[in-house]
file coords_23.cif (mmCIF, C-alpha atoms and all ligand atoms)
data_final
#
loop_
_atom_site.group_PDB
_atom_site.id
_atom_site.type_symbol
_atom_site.label_atom_id
_atom_site.label_comp_id
_atom_site.auth_asym_id
_atom_site.auth_seq_id
_atom_site.Cartn_x
_atom_site.Cartn_y
_atom_site.Cartn_z
ATOM 1 C CA MET A 197 27.267 -23.706 48.839
ATOM 2 C CA ALA A 198 24.252 -24.711 50.932
ATOM 3 C CA THR A 199 22.370 -27.765 49.818
ATOM 4 C CA SER A 200 18.865 -28.923 50.721
ATOM 5 C CA ARG A 201 17.127 -32.212 50.391
ATOM 6 C CA LEU A 202 14.152 -31.709 48.094
ATOM 7 C CA ASN A 203 11.406 -33.798 46.610
ATOM 8 C CA ALA A 204 11.590 -33.119 42.942
ATOM 9 C CA SER A 205 8.682 -33.457 40.595
ATOM 10 C CA CYS A 206 10.043 -33.893 37.102
ATOM 11 C CA ARG A 207 8.020 -32.746 34.121
ATOM 12 C CA PHE A 208 8.897 -34.712 31.025
ATOM 13 C CA PRO A 209 8.131 -33.801 27.413
ATOM 14 C CA ALA A 210 5.530 -36.549 27.208
ATOM 15 C CA SER A 211 3.914 -35.193 30.416
ATOM 16 C CA ARG A 212 5.066 -38.235 32.330
ATOM 17 C CA ARG A 213 5.598 -37.440 35.985
ATOM 18 C CA LEU A 214 8.124 -39.341 37.994
ATOM 19 C CA ASP A 215 8.923 -39.145 41.660
ATOM 20 C CA CYS A 216 12.500 -38.494 42.454
ATOM 21 C CA GLU A 217 14.635 -37.141 45.226
ATOM 22 C CA SER A 218 17.820 -35.269 45.177
ATOM 23 C CA TYR A 219 20.317 -33.176 47.072
ATOM 24 C CA VAL A 220 20.544 -29.890 45.231
ATOM 25 C CA SER A 221 21.739 -26.415 45.637
ATOM 26 C CA LEU A 222 18.906 -23.908 45.440
ATOM 27 C CA ARG A 223 21.282 -21.498 43.801
ATOM 28 C CA ALA A 224 22.306 -24.029 41.181
ATOM 29 C CA LYS A 225 21.043 -23.540 37.642
ATOM 30 C CA THR A 226 21.140 -27.225 36.819
ATOM 31 C CA VAL A 227 20.809 -30.285 38.958
ATOM 32 C CA THR A 228 21.425 -33.979 38.560
ATOM 33 C CA ILE A 229 18.497 -36.011 39.780
ATOM 34 C CA ARG A 230 18.518 -39.602 40.929
ATOM 35 C CA TYR A 231 15.138 -41.178 40.256
ATOM 36 C CA VAL A 232 13.496 -43.196 43.000
ATOM 37 C CA ARG A 233 11.141 -45.233 40.873
ATOM 38 C CA THR A 234 12.830 -45.626 37.533
ATOM 39 C CA ILE A 235 15.857 -47.295 36.162
ATOM 40 C CA ALA A 236 16.816 -44.173 34.186
ATOM 41 C CA ALA A 237 20.352 -42.942 34.502
ATOM 42 C CA PRO A 238 20.788 -39.676 36.396
ATOM 43 C CA ARG A 239 19.844 -36.737 34.193
ATOM 44 C CA ARG A 240 20.802 -33.116 34.242
ATOM 45 C CA HIS A 241 17.857 -30.749 34.685
ATOM 46 C CA LEU A 242 17.313 -27.051 34.369
ATOM 47 C CA VAL A 243 15.893 -25.755 37.646
ATOM 48 C CA ARG A 244 12.776 -23.733 36.905
ATOM 49 C CA ARG A 245 11.459 -22.993 40.377
ATOM 50 C CA ALA A 246 11.141 -24.454 43.845
ATOM 51 C CA ASN A 247 7.616 -24.336 45.256
ATOM 52 C CA GLU A 248 6.871 -23.494 48.893
ATOM 53 C CA ASP A 249 6.144 -27.141 49.614
ATOM 54 C CA GLN A 250 9.704 -27.864 48.579
ATOM 55 C CA THR A 251 8.657 -29.400 45.282
ATOM 56 C CA LEU A 252 11.241 -28.599 42.724
ATOM 57 C CA VAL A 253 9.957 -28.000 39.207
ATOM 58 C CA VAL A 254 12.606 -28.848 36.669
ATOM 59 C CA ASN A 255 13.018 -29.307 32.944
ATOM 60 C CA VAL A 256 15.095 -32.091 31.523
ATOM 61 C CA VAL A 257 18.195 -30.682 29.910
ATOM 62 C CA ALA A 258 19.980 -33.873 29.068
ATOM 63 C CA ALA A 259 21.248 -37.128 30.378
ATOM 64 C CA ALA A 260 24.991 -37.333 30.483
ATOM 65 C CA GLY A 261 26.257 -37.227 26.910
ATOM 66 C CA GLU A 262 22.802 -36.553 25.409
ATOM 67 C CA LYS A 263 21.842 -33.557 23.260
ATOM 68 C CA PRO A 264 19.464 -31.058 24.925
ATOM 69 C CA GLU A 265 15.710 -31.557 24.310
ATOM 70 C CA ARG A 266 14.547 -29.899 21.083
ATOM 71 C CA ARG A 267 11.972 -27.105 21.380
ATOM 72 C CA TYR A 268 9.255 -26.771 18.736
ATOM 73 C CA PRO A 269 7.875 -23.417 17.536
ATOM 74 C CA ARG A 270 4.734 -22.436 19.483
ATOM 75 C CA GLU A 271 4.887 -25.671 21.502
ATOM 76 C CA PRO A 272 4.032 -23.974 24.823
ATOM 77 C CA ASN A 273 0.876 -22.426 23.276
ATOM 78 C CA GLY A 274 -0.824 -25.731 22.518
ATOM 79 C CA PHE A 275 -0.700 -28.012 19.520
ATOM 80 C CA VAL A 276 -3.152 -26.041 17.377
ATOM 81 C CA GLU A 277 -0.690 -23.145 17.445
ATOM 82 C CA GLU A 278 2.017 -25.519 16.259
ATOM 83 C CA MET A 279 -0.191 -26.598 13.342
ATOM 84 C CA ARG A 280 -1.028 -22.992 12.543
ATOM 85 C CA PHE A 281 2.635 -22.016 12.546
ATOM 86 C CA VAL A 282 3.492 -24.794 10.072
ATOM 87 C CA VAL A 283 0.653 -24.054 7.638
ATOM 88 C CA MET A 284 1.270 -20.314 7.648
ATOM 89 C CA LYS A 285 4.831 -21.026 6.569
ATOM 90 C CA ILE A 286 3.529 -23.085 3.653
ATOM 91 C CA HIS A 287 1.244 -20.328 2.292
ATOM 92 C CA PRO A 288 3.146 -19.038 -0.766
ATOM 93 C CA ARG A 289 4.747 -15.781 0.406
ATOM 94 C CA ASP A 290 4.475 -14.052 -2.971
ATOM 95 C CA GLN A 291 0.811 -14.893 -3.292
ATOM 96 C CA VAL A 292 -0.633 -15.121 0.200
ATOM 97 C CA LYS A 293 0.899 -13.134 3.021
ATOM 98 C CA GLU A 294 -0.214 -13.635 6.594
ATOM 99 C CA GLY A 295 -2.353 -10.699 7.574
ATOM 100 C CA LYS A 296 -5.662 -9.981 6.010
ATOM 101 C CA SER A 297 -4.896 -6.767 4.129
ATOM 102 C CA ASP A 298 -2.139 -8.165 1.870
ATOM 103 C CA SER A 299 -4.133 -11.266 1.047
ATOM 104 C CA ASN A 300 -7.216 -9.172 0.466
ATOM 105 C CA ASP A 301 -5.314 -7.092 -2.072
ATOM 106 C CA LEU A 302 -4.146 -10.232 -3.811
ATOM 107 C CA VAL A 303 -7.611 -11.795 -3.918
ATOM 108 C CA SER A 304 -8.994 -8.515 -5.296
ATOM 109 C CA THR A 305 -6.899 -9.044 -8.435
ATOM 110 C CA TRP A 306 -8.418 -12.449 -9.202
ATOM 111 C CA ASN A 307 -10.945 -12.744 -12.003
ATOM 112 C CA PHE A 308 -13.659 -15.006 -10.680
ATOM 113 C CA THR A 309 -16.135 -16.865 -12.880
ATOM 114 C CA ILE A 310 -19.313 -18.630 -11.826
ATOM 115 C CA GLU A 311 -18.095 -21.797 -13.596
ATOM 116 C CA GLY A 312 -14.841 -21.858 -11.597
ATOM 117 C CA TYR A 313 -16.628 -21.016 -8.376
ATOM 118 C CA LEU A 314 -19.162 -23.827 -8.882
ATOM 119 C CA LYS A 315 -16.345 -26.337 -9.370
ATOM 120 C CA PHE A 316 -14.755 -25.058 -6.156
ATOM 121 C CA LEU A 317 -18.036 -25.419 -4.251
ATOM 122 C CA VAL A 318 -18.809 -28.899 -5.614
ATOM 123 C CA ASP A 319 -15.368 -30.297 -4.744
ATOM 124 C CA SER A 320 -15.370 -28.564 -1.359
ATOM 125 C CA LYS A 321 -18.733 -30.207 -0.644
ATOM 126 C CA LEU A 322 -17.314 -33.642 -1.434
ATOM 127 C CA VAL A 323 -14.347 -33.048 0.880
ATOM 128 C CA PHE A 324 -16.482 -31.750 3.755
ATOM 129 C CA GLU A 325 -18.994 -34.617 3.299
ATOM 130 C CA THR A 326 -16.179 -37.147 3.525
ATOM 131 C CA LEU A 327 -14.596 -35.465 6.534
ATOM 132 C CA GLU A 328 -17.907 -35.235 8.373
ATOM 133 C CA ARG A 329 -18.981 -38.798 7.551
ATOM 134 C CA ILE A 330 -15.687 -40.186 8.836
ATOM 135 C CA ILE A 331 -15.921 -38.211 12.086
ATOM 136 C CA ASN A 332 -19.543 -39.252 12.643
ATOM 137 C CA GLU A 333 -19.122 -42.937 11.838
ATOM 138 C CA SER A 334 -15.678 -43.721 13.187
ATOM 139 C CA ALA A 335 -15.195 -45.332 16.599
ATOM 140 C CA ILE A 336 -11.736 -43.804 16.957
ATOM 141 C CA GLN A 337 -11.489 -42.103 20.346
ATOM 142 C CA ALA A 338 -9.590 -39.066 19.025
ATOM 143 C CA TYR A 339 -12.537 -38.154 16.772
ATOM 144 C CA ALA A 340 -15.251 -38.484 19.443
ATOM 145 C CA GLY A 341 -15.077 -34.844 20.560
ATOM 146 C CA LEU A 342 -15.027 -33.547 16.973
ATOM 147 C CA LYS A 343 -18.628 -34.493 16.120
ATOM 148 C CA ASN A 344 -21.139 -31.663 15.703
ATOM 149 C CA THR A 345 -18.679 -28.855 16.319
ATOM 150 C CA GLY A 346 -20.752 -26.340 14.383
ATOM 151 C CA LEU A 347 -18.011 -26.049 11.735
ATOM 152 C CA GLU A 348 -19.671 -28.669 9.491
ATOM 153 C CA ARG A 349 -20.217 -27.304 5.970
ATOM 154 C CA ALA A 350 -21.643 -30.093 3.786
ATOM 155 C CA GLU A 351 -25.320 -29.271 4.405
ATOM 156 C CA ASN A 352 -24.786 -25.550 3.868
ATOM 157 C CA LEU A 353 -22.961 -26.275 0.615
ATOM 158 C CA SER A 354 -25.888 -28.435 -0.573
ATOM 159 C CA ARG A 355 -28.232 -25.505 0.024
ATOM 160 C CA ASP A 356 -25.929 -23.162 -1.919
ATOM 161 C CA LEU A 357 -25.735 -25.521 -4.887
ATOM 162 C CA GLU A 358 -29.515 -25.848 -4.820
ATOM 163 C CA TRP A 359 -29.745 -22.033 -4.977
ATOM 164 C CA PHE A 360 -27.409 -21.892 -8.008
ATOM 165 C CA LYS A 361 -29.580 -24.539 -9.710
ATOM 166 C CA GLU A 362 -32.674 -22.440 -9.102
ATOM 167 C CA GLN A 363 -30.865 -19.518 -10.754
ATOM 168 C CA GLY A 364 -30.501 -21.663 -13.889
ATOM 169 C CA TYR A 365 -26.844 -22.760 -13.525
ATOM 170 C CA GLU A 366 -25.804 -26.288 -14.329
ATOM 171 C CA ILE A 367 -24.092 -27.902 -11.339
ATOM 172 C CA PRO A 368 -20.929 -29.768 -12.436
ATOM 173 C CA GLU A 369 -19.944 -33.243 -11.263
ATOM 174 C CA SER A 370 -17.153 -33.391 -8.705
ATOM 175 C CA MET A 371 -13.738 -33.504 -10.387
ATOM 176 C CA VAL A 372 -10.328 -35.066 -9.845
ATOM 177 C CA PRO A 373 -9.031 -32.711 -7.075
ATOM 178 C CA GLY A 374 -12.106 -33.239 -4.877
ATOM 179 C CA LYS A 375 -12.240 -36.978 -5.518
ATOM 180 C CA ALA A 376 -8.513 -37.399 -4.888
ATOM 181 C CA TYR A 377 -8.655 -35.535 -1.578
ATOM 182 C CA SER A 378 -11.780 -37.384 -0.480
ATOM 183 C CA GLN A 379 -10.203 -40.756 -1.300
ATOM 184 C CA TYR A 380 -7.027 -39.838 0.546
ATOM 185 C CA LEU A 381 -8.994 -38.906 3.680
ATOM 186 C CA LYS A 382 -10.787 -42.271 3.554
ATOM 187 C CA ASN A 383 -7.472 -44.072 3.190
ATOM 188 C CA ILE A 384 -5.855 -42.558 6.276
ATOM 189 C CA ALA A 385 -8.841 -42.059 8.596
ATOM 190 C CA GLU A 386 -8.716 -45.394 10.418
ATOM 191 C CA LYS A 387 -5.056 -46.238 10.178
ATOM 192 C CA ASP A 388 -3.457 -42.863 10.867
ATOM 193 C CA PRO A 389 -5.421 -40.560 13.230
ATOM 194 C CA PRO A 390 -2.606 -37.990 13.726
ATOM 195 C CA ALA A 391 -2.410 -37.459 9.941
ATOM 196 C CA PHE A 392 -6.195 -37.307 9.651
ATOM 197 C CA ILE A 393 -6.439 -34.740 12.462
ATOM 198 C CA CYS A 394 -4.032 -32.520 10.514
ATOM 199 C CA HIS A 395 -6.443 -32.528 7.566
ATOM 200 C CA PHE A 396 -9.405 -31.954 9.870
ATOM 201 C CA TYR A 397 -7.719 -28.842 11.271
ATOM 202 C CA ASN A 398 -6.560 -27.463 7.935
ATOM 203 C CA ILE A 399 -9.782 -27.986 6.013
ATOM 204 C CA ASN A 400 -11.952 -26.381 8.689
ATOM 205 C CA PHE A 401 -9.614 -23.541 9.593
ATOM 206 C CA ALA A 402 -8.581 -22.743 6.004
ATOM 207 C CA HIS A 403 -12.219 -22.242 5.145
ATOM 208 C CA SER A 404 -12.794 -19.962 8.118
ATOM 209 C CA ALA A 405 -9.733 -17.800 7.244
ATOM 210 C CA GLY A 406 -8.641 -17.356 3.623
ATOM 211 C CA GLY A 407 -11.717 -19.215 2.343
ATOM 212 C CA ARG A 408 -14.103 -16.778 3.982
ATOM 213 C CA MET A 409 -12.166 -13.800 2.673
ATOM 214 C CA ILE A 410 -12.384 -15.229 -0.849
ATOM 215 C CA GLY A 411 -16.124 -15.816 -0.411
ATOM 216 C CA THR A 412 -16.674 -12.148 0.367
ATOM 217 C CA LYS A 413 -14.731 -11.084 -2.733
ATOM 218 C CA VAL A 414 -16.590 -13.515 -4.997
ATOM 219 C CA ALA A 415 -19.909 -12.260 -3.655
ATOM 220 C CA GLU A 416 -18.882 -8.646 -4.334
ATOM 221 C CA LYS A 417 -17.564 -9.301 -7.803
ATOM 222 C CA ILE A 418 -19.922 -11.820 -9.408
ATOM 223 C CA LEU A 419 -22.842 -12.592 -7.084
ATOM 224 C CA ASP A 420 -24.296 -9.162 -6.465
ATOM 225 C CA ASN A 421 -23.228 -9.486 -2.790
ATOM 226 C CA LYS A 422 -25.296 -12.643 -2.243
ATOM 227 C CA GLU A 423 -23.962 -14.213 0.972
ATOM 228 C CA LEU A 424 -23.747 -17.976 0.597
ATOM 229 C CA GLU A 425 -24.623 -20.467 3.345
ATOM 230 C CA PHE A 426 -21.043 -21.791 3.107
ATOM 231 C CA TYR A 427 -19.961 -18.660 4.965
ATOM 232 C CA LYS A 428 -22.650 -18.692 7.652
ATOM 233 C CA TRP A 429 -22.288 -20.466 10.977
ATOM 234 C CA ASP A 430 -24.748 -20.954 13.846
ATOM 235 C CA GLY A 431 -23.245 -18.856 16.604
ATOM 236 C CA GLN A 432 -20.000 -16.921 16.796
ATOM 237 C CA LEU A 433 -17.377 -18.438 14.484
ATOM 238 C CA SER A 434 -14.560 -17.354 16.813
ATOM 239 C CA GLU A 435 -16.162 -19.325 19.664
ATOM 240 C CA LEU A 436 -16.654 -22.418 17.498
ATOM 241 C CA LEU A 437 -13.024 -22.272 16.425
ATOM 242 C CA GLN A 438 -11.914 -21.789 20.010
ATOM 243 C CA ASN A 439 -13.899 -24.848 21.155
ATOM 244 C CA VAL A 440 -12.490 -26.991 18.363
ATOM 245 C CA SER A 441 -8.974 -25.747 19.114
ATOM 246 C CA GLU A 442 -9.355 -26.782 22.740
ATOM 247 C CA GLU A 443 -10.593 -30.213 21.681
ATOM 248 C CA LEU A 444 -7.713 -30.665 19.231
ATOM 249 C CA ASN A 445 -5.235 -29.608 21.903
ATOM 250 C CA LYS A 446 -6.700 -32.234 24.245
ATOM 251 C CA VAL A 447 -6.387 -34.924 21.568
ATOM 252 C CA ALA A 448 -2.752 -34.011 20.912
ATOM 253 C CA GLU A 449 -1.875 -34.014 24.615
ATOM 254 C CA LEU A 450 -2.183 -37.793 24.497
ATOM 255 C CA TRP A 451 0.286 -38.070 21.600
ATOM 256 C CA THR A 452 3.985 -38.664 21.758
ATOM 257 C CA ARG A 453 6.268 -36.035 20.224
ATOM 258 C CA GLU A 454 6.746 -38.396 17.259
ATOM 259 C CA GLU A 455 2.988 -38.536 16.642
ATOM 260 C CA LYS A 456 2.781 -34.747 16.869
ATOM 261 C CA ASN A 457 5.609 -34.383 14.359
ATOM 262 C CA HIS A 458 3.941 -36.867 12.057
ATOM 263 C CA CYS A 459 0.751 -34.784 12.224
ATOM 264 C CA LEU A 460 2.691 -31.578 11.456
ATOM 265 C CA GLU A 461 4.465 -33.220 8.526
ATOM 266 C CA GLU A 462 1.078 -33.975 6.978
ATOM 267 C CA THR A 463 0.370 -30.235 6.628
ATOM 268 C CA GLU A 464 2.088 -30.037 3.275
ATOM 269 C CA LYS A 465 -0.146 -32.742 1.807
ATOM 270 C CA SER A 466 -3.235 -31.086 3.175
ATOM 271 C CA PHE A 467 -2.218 -27.764 1.670
ATOM 272 C CA LYS A 468 -1.458 -29.313 -1.724
ATOM 273 C CA PHE A 469 -4.745 -31.226 -1.893
ATOM 274 C CA TYR A 470 -6.883 -28.269 -0.892
ATOM 275 C CA TRP A 471 -4.880 -25.826 -3.005
ATOM 276 C CA GLU A 472 -5.856 -27.857 -6.103
ATOM 277 C CA ILE A 473 -9.479 -27.115 -5.238
ATOM 278 C CA PHE A 474 -8.798 -23.419 -4.543
ATOM 279 C CA ARG A 475 -7.186 -23.219 -7.996
ATOM 280 C CA TYR A 476 -10.580 -23.494 -9.695
ATOM 281 C CA LEU A 477 -11.143 -19.955 -8.493
ATOM 282 C CA LEU A 478 -8.289 -18.784 -10.682
ATOM 283 C CA SER A 479 -9.577 -20.471 -13.832
HETATM 284 C C1 LIG A 501 -6.040 -18.852 -2.154
HETATM 285 C C2 LIG A 501 -5.885 -19.582 -1.135
HETATM 286 C C3 LIG A 501 -5.648 -19.100 0.274
HETATM 287 C C4 LIG A 501 -5.663 -17.840 0.802
HETATM 288 C C5 LIG A 501 -5.923 -16.525 0.093
HETATM 289 C C6 LIG A 501 -5.378 -17.979 2.222
HETATM 290 C C7 LIG A 501 -5.265 -16.925 3.102
HETATM 291 C C8 LIG A 501 -5.088 -17.045 4.442
HETATM 292 C C9 LIG A 501 -4.943 -15.950 5.380
HETATM 293 C C10 LIG A 501 -4.965 -14.484 5.029
HETATM 294 C C11 LIG A 501 -4.814 -16.483 6.621
HETATM 295 C C12 LIG A 501 -4.584 -15.724 7.913
HETATM 296 C C13 LIG A 501 -5.860 -15.407 8.579
HETATM 297 C C14 LIG A 501 -5.609 -14.726 9.904
HETATM 298 O O1 LIG A 501 -4.468 -14.436 10.248
HETATM 299 O O2 LIG A 501 -6.588 -14.533 10.593
HETATM 300 C C15 LIG A 501 -4.874 -17.898 6.476
HETATM 301 C C16 LIG A 501 -4.813 -18.756 7.528
HETATM 302 C C17 LIG A 501 -4.901 -20.116 7.390
HETATM 303 N N1 LIG A 501 -4.915 -20.840 6.213
HETATM 304 FE FE1 LIG A 501 -4.983 -20.075 4.358
HETATM 305 N N2 LIG A 501 -5.217 -19.297 2.508
HETATM 306 C C18 LIG A 501 -5.372 -20.019 1.356
HETATM 307 C C19 LIG A 501 -5.285 -21.369 1.205
HETATM 308 C C20 LIG A 501 -5.141 -22.267 2.235
HETATM 309 C C21 LIG A 501 -5.021 -23.696 2.104
HETATM 310 C C22 LIG A 501 -5.006 -24.466 0.780
HETATM 311 C C23 LIG A 501 -4.911 -24.208 3.369
HETATM 312 C C24 LIG A 501 -4.756 -25.628 3.827
HETATM 313 C C25 LIG A 501 -5.451 -26.636 3.457
HETATM 314 C C26 LIG A 501 -4.979 -23.100 4.287
HETATM 315 C C27 LIG A 501 -4.960 -23.211 5.656
HETATM 316 C C28 LIG A 501 -4.984 -22.154 6.536
HETATM 317 C C29 LIG A 501 -5.040 -22.303 7.983
HETATM 318 C C30 LIG A 501 -5.158 -23.612 8.740
HETATM 319 C C31 LIG A 501 -4.986 -21.024 8.518
HETATM 320 C C32 LIG A 501 -5.019 -20.648 9.998
HETATM 321 C C33 LIG A 501 -6.403 -20.174 10.353
HETATM 322 C C34 LIG A 501 -6.602 -19.832 11.817
HETATM 323 O O3 LIG A 501 -5.739 -20.061 12.631
HETATM 324 O O4 LIG A 501 -7.683 -19.350 12.133
HETATM 325 N N3 LIG A 501 -5.103 -21.946 3.569
HETATM 326 N N4 LIG A 501 -5.031 -18.215 5.143
#
call {"tool": "encode", "arguments": {"input": "coords_23.cif", "output": "structure tokens"}}
result
Amino acid sequence: MATSRLNASCRFPASRRLDCESYVSLRAKTVTIRYVRTIAAPRRHLVRRANEDQTLVVNVVAAAGEKPERRYPREPNGFVEEMRFVVMKIHPRDQVKEGKSDSNDLVSTWNFTIEGYLKFLVDSKLVFETLERIINESAIQAYAGLKNTGLERAENLSRDLEWFKEQGYEIPESMVPGKAYSQYLKNIAEKDPPAFICHFYNINFAHSAGGRMIGTKVAEKILDNKELEFYKWDGQLSELLQNVSEELNKVAELWTREEKNHCLEETEKSFKFYWEIFRYLLS
């Protein structure tokens, strides 16, 4: 079997690049690489392709005796897709199925009341206010690109509550679910950015997906089709979401796999906290 001397550029899970050199067979499916500038033991790699400039692109399979690297669902599509995958699995299957039509049917069966809806709006406002204040005031680098994304909702919610007041409705005080979620966000914001980013993603994206669908149904059923400011964005929502996704992907690129997993594990908490606020709509 012919062998060639190649410069190999090794792509590691944490995006670390190391220079190495090796004698390999171009027909080989795996290769053991001896690193030039590290003290790592030789590792077995899966050969992905050899570029024209004789740079070999390889994936780490395992060091001798190690288990192969674990792959995470949607990992190659960027971290936002990983977060989306996890939260969609948490949506209760019997109540909320992925895909708008099923969920739409479900939401159509709900009996909305203005009282329940006002509680939902008041607690949502508290959560968005807290989220936005933290992002604006924090010096944490990961939050810097998440200021003024166009997804902010607190001001729009204030205008909606003002409108309800003008219609003669009494605006309730914020309640336990909103206060609990707001307090939790304050607790983790400075000491645990990966966890906080999970909440940032879920709160904003939940509202733009299921939340928006619910808003349309509420408007149809009990608001004479009045479209609230909560569901209006300056510019195309899809573009705003795309921009924020790109920013979140950039933030997560700097994380280790452990930090990413920690962020994903926080999804369940985010869902539970926000679900408590959604539940007002069912009362
Ligand atoms: C009654 C409550 C809910 C309903 C009816 C609902 C419904 C939906 C539906 C239908 C989608 C898919 C939208 C699409 O494929 O375009 C979706 C996506 C999503 N939901 Fe929910 N959901 C609810 C509650 C929640 C909660 C409590 C959270 C978390 C805090 C959440 C977070 C998300 C996220 C992050 C997405 C992905 C959005 C995207 O990628 O654009 N949802 N939801």
call {"tool": "residues_near_ligand", "arguments": {"input": "coords_23.cif", "ligand": "ligand LIG 501 (chain A)", "cutoff": "9 Å", "atoms": "only C-alpha atoms and all ligand atoms", "output": "PyMOL selection string"}}
result
chain A and resi 276-277+279-284+286-288+291-300+302-303+395+397-410+434+437+463-475+477-478
call {"tool": "closest_residue", "arguments": {"input": "coords_23.cif", "among": "A:Lys361, A:Arg355, A:His458, A:Arg453", "to": "Tyr268 (chain A)", "atoms": "only C-alpha atoms"}}
result
A:Arg453
call {"tool": "resolve_selection", "arguments": {"input": "coords_23.cif", "expression": "the PyMOL selection byres (((chain A and resi 428) around 10) and not hetatm)", "output": "list in words"}}
result
Leu347, Arg349, Asn352, Ser404, Arg408, Glu423, Leu424, Glu425, Phe426, Tyr427, Trp429, Asp430, Gly431, Gln432 and Leu433 of chain A
call {"tool": "atom_distance", "arguments": {"input": "coords_23.cif", "atom1": "CA of Leu460 (chain A)", "atom2": "CA of Ile393 (chain A)"}}
result
9.7 Å
call {"tool": "closest_residue", "arguments": {"input": "coords_23.cif", "among": "A:Glu325, A:Glu366, A:Glu449, A:Glu333", "to": "Glu351 (chain A)", "atoms": "all atoms listed in the file"}}
result
A:Glu325
call {"tool": "resolve_selection", "arguments": {"input": "coords_23.cif", "expression": "the PyMOL selection byres (((chain A and resi 457) around 12) and not hetatm)", "output": "compact mmCIF listing (two decimals) with C-alpha atoms, in the frame of the given file"}}
result
# COMPACT_ATOMS: atom_id res chain seq x y z
CA ARG A 267 11.97 -27.10 21.38
CA TYR A 268 9.26 -26.77 18.74
CA PRO A 269 7.88 -23.42 17.54
CA GLU A 271 4.89 -25.67 21.50
CA PHE A 275 -0.70 -28.01 19.52
CA GLU A 278 2.02 -25.52 16.26
CA MET A 279 -0.19 -26.60 13.34
CA VAL A 282 3.49 -24.79 10.07
CA PRO A 390 -2.61 -37.99 13.73
CA ALA A 391 -2.41 -37.46 9.94
CA CYS A 394 -4.03 -32.52 10.51
CA ALA A 448 -2.75 -34.01 20.91
CA TRP A 451 0.29 -38.07 21.60
CA THR A 452 3.98 -38.66 21.76
CA ARG A 453 6.27 -36.03 20.22
CA GLU A 454 6.75 -38.40 17.26
CA GLU A 455 2.99 -38.54 16.64
CA LYS A 456 2.78 -34.75 16.87
CA HIS A 458 3.94 -36.87 12.06
CA CYS A 459 0.75 -34.78 12.22
CA LEU A 460 2.69 -31.58 11.46
CA GLU A 461 4.46 -33.22 8.53
CA GLU A 462 1.08 -33.98 6.98
CA THR A 463 0.37 -30.24 6.63
call {"tool": "closest_residue", "arguments": {"input": "coords_23.cif", "among": "A:Tyr339, A:Lys422, A:Ala350, A:Leu322", "to": "Gln379 (chain A)", "atoms": "all atoms listed in the file"}}
result
A:Leu322
call {"tool": "closest_residue", "arguments": {"input": "coords_23.cif", "among": "A:Glu311, A:Glu386, A:Asp319, A:Glu416", "to": "Ser370 (chain A)", "atoms": "all atoms listed in the file"}}
result
A:Asp319
call {"tool": "closest_residue", "arguments": {"input": "coords_23.cif", "among": "A:Leu450, A:Val414, A:Leu444, A:Val323", "to": "Phe308 (chain A)", "atoms": "only C-alpha atoms"}}
result
A:Val414
call {"tool": "resolve_selection", "arguments": {"input": "coords_23.cif", "expression": "the PyMOL selection byres (((chain A and resi 343) around 10) and not hetatm)", "output": "ChimeraX atom specification"}}
result
/A:328-333,339-342,344-348,440
call {"tool": "write_last_selection", "arguments": {"input": "coords_23.cif", "atoms": "C-alpha atoms", "output": "mmCIF file, in the frame of the given file"}}
result
data_model
loop_
_atom_site.group_PDB
_atom_site.id
_atom_site.type_symbol
_atom_site.label_atom_id
_atom_site.label_comp_id
_atom_site.auth_asym_id
_atom_site.auth_seq_id
_atom_site.Cartn_x
_atom_site.Cartn_y
_atom_site.Cartn_z
ATOM 1 C CA GLU A 328 -17.907 -35.235 8.373
ATOM 2 C CA ARG A 329 -18.981 -38.798 7.551
ATOM 3 C CA ILE A 330 -15.687 -40.186 8.836
ATOM 4 C CA ILE A 331 -15.921 -38.211 12.086
ATOM 5 C CA ASN A 332 -19.543 -39.252 12.643
ATOM 6 C CA GLU A 333 -19.122 -42.937 11.838
ATOM 7 C CA TYR A 339 -12.537 -38.154 16.772
ATOM 8 C CA ALA A 340 -15.251 -38.484 19.443
ATOM 9 C CA GLY A 341 -15.077 -34.844 20.560
ATOM 10 C CA LEU A 342 -15.027 -33.547 16.973
ATOM 11 C CA ASN A 344 -21.139 -31.663 15.703
ATOM 12 C CA THR A 345 -18.679 -28.855 16.319
ATOM 13 C CA GLY A 346 -20.752 -26.340 14.383
ATOM 14 C CA LEU A 347 -18.011 -26.049 11.735
ATOM 15 C CA GLU A 348 -19.671 -28.669 9.491
ATOM 16 C CA VAL A 440 -12.490 -26.991 18.363
#
call {"tool": "atom_distance", "arguments": {"input": "coords_23.cif", "atom1": "CA of Ala385 (chain A)", "atom2": "CA of Tyr313 (chain A)"}}
result
28.1 Å
call {"tool": "atom_distance", "arguments": {"input": "coords_23.cif", "atom1": "CA of Leu357 (chain A)", "atom2": "CA of Val318 (chain A)"}}
result
7.7 Å
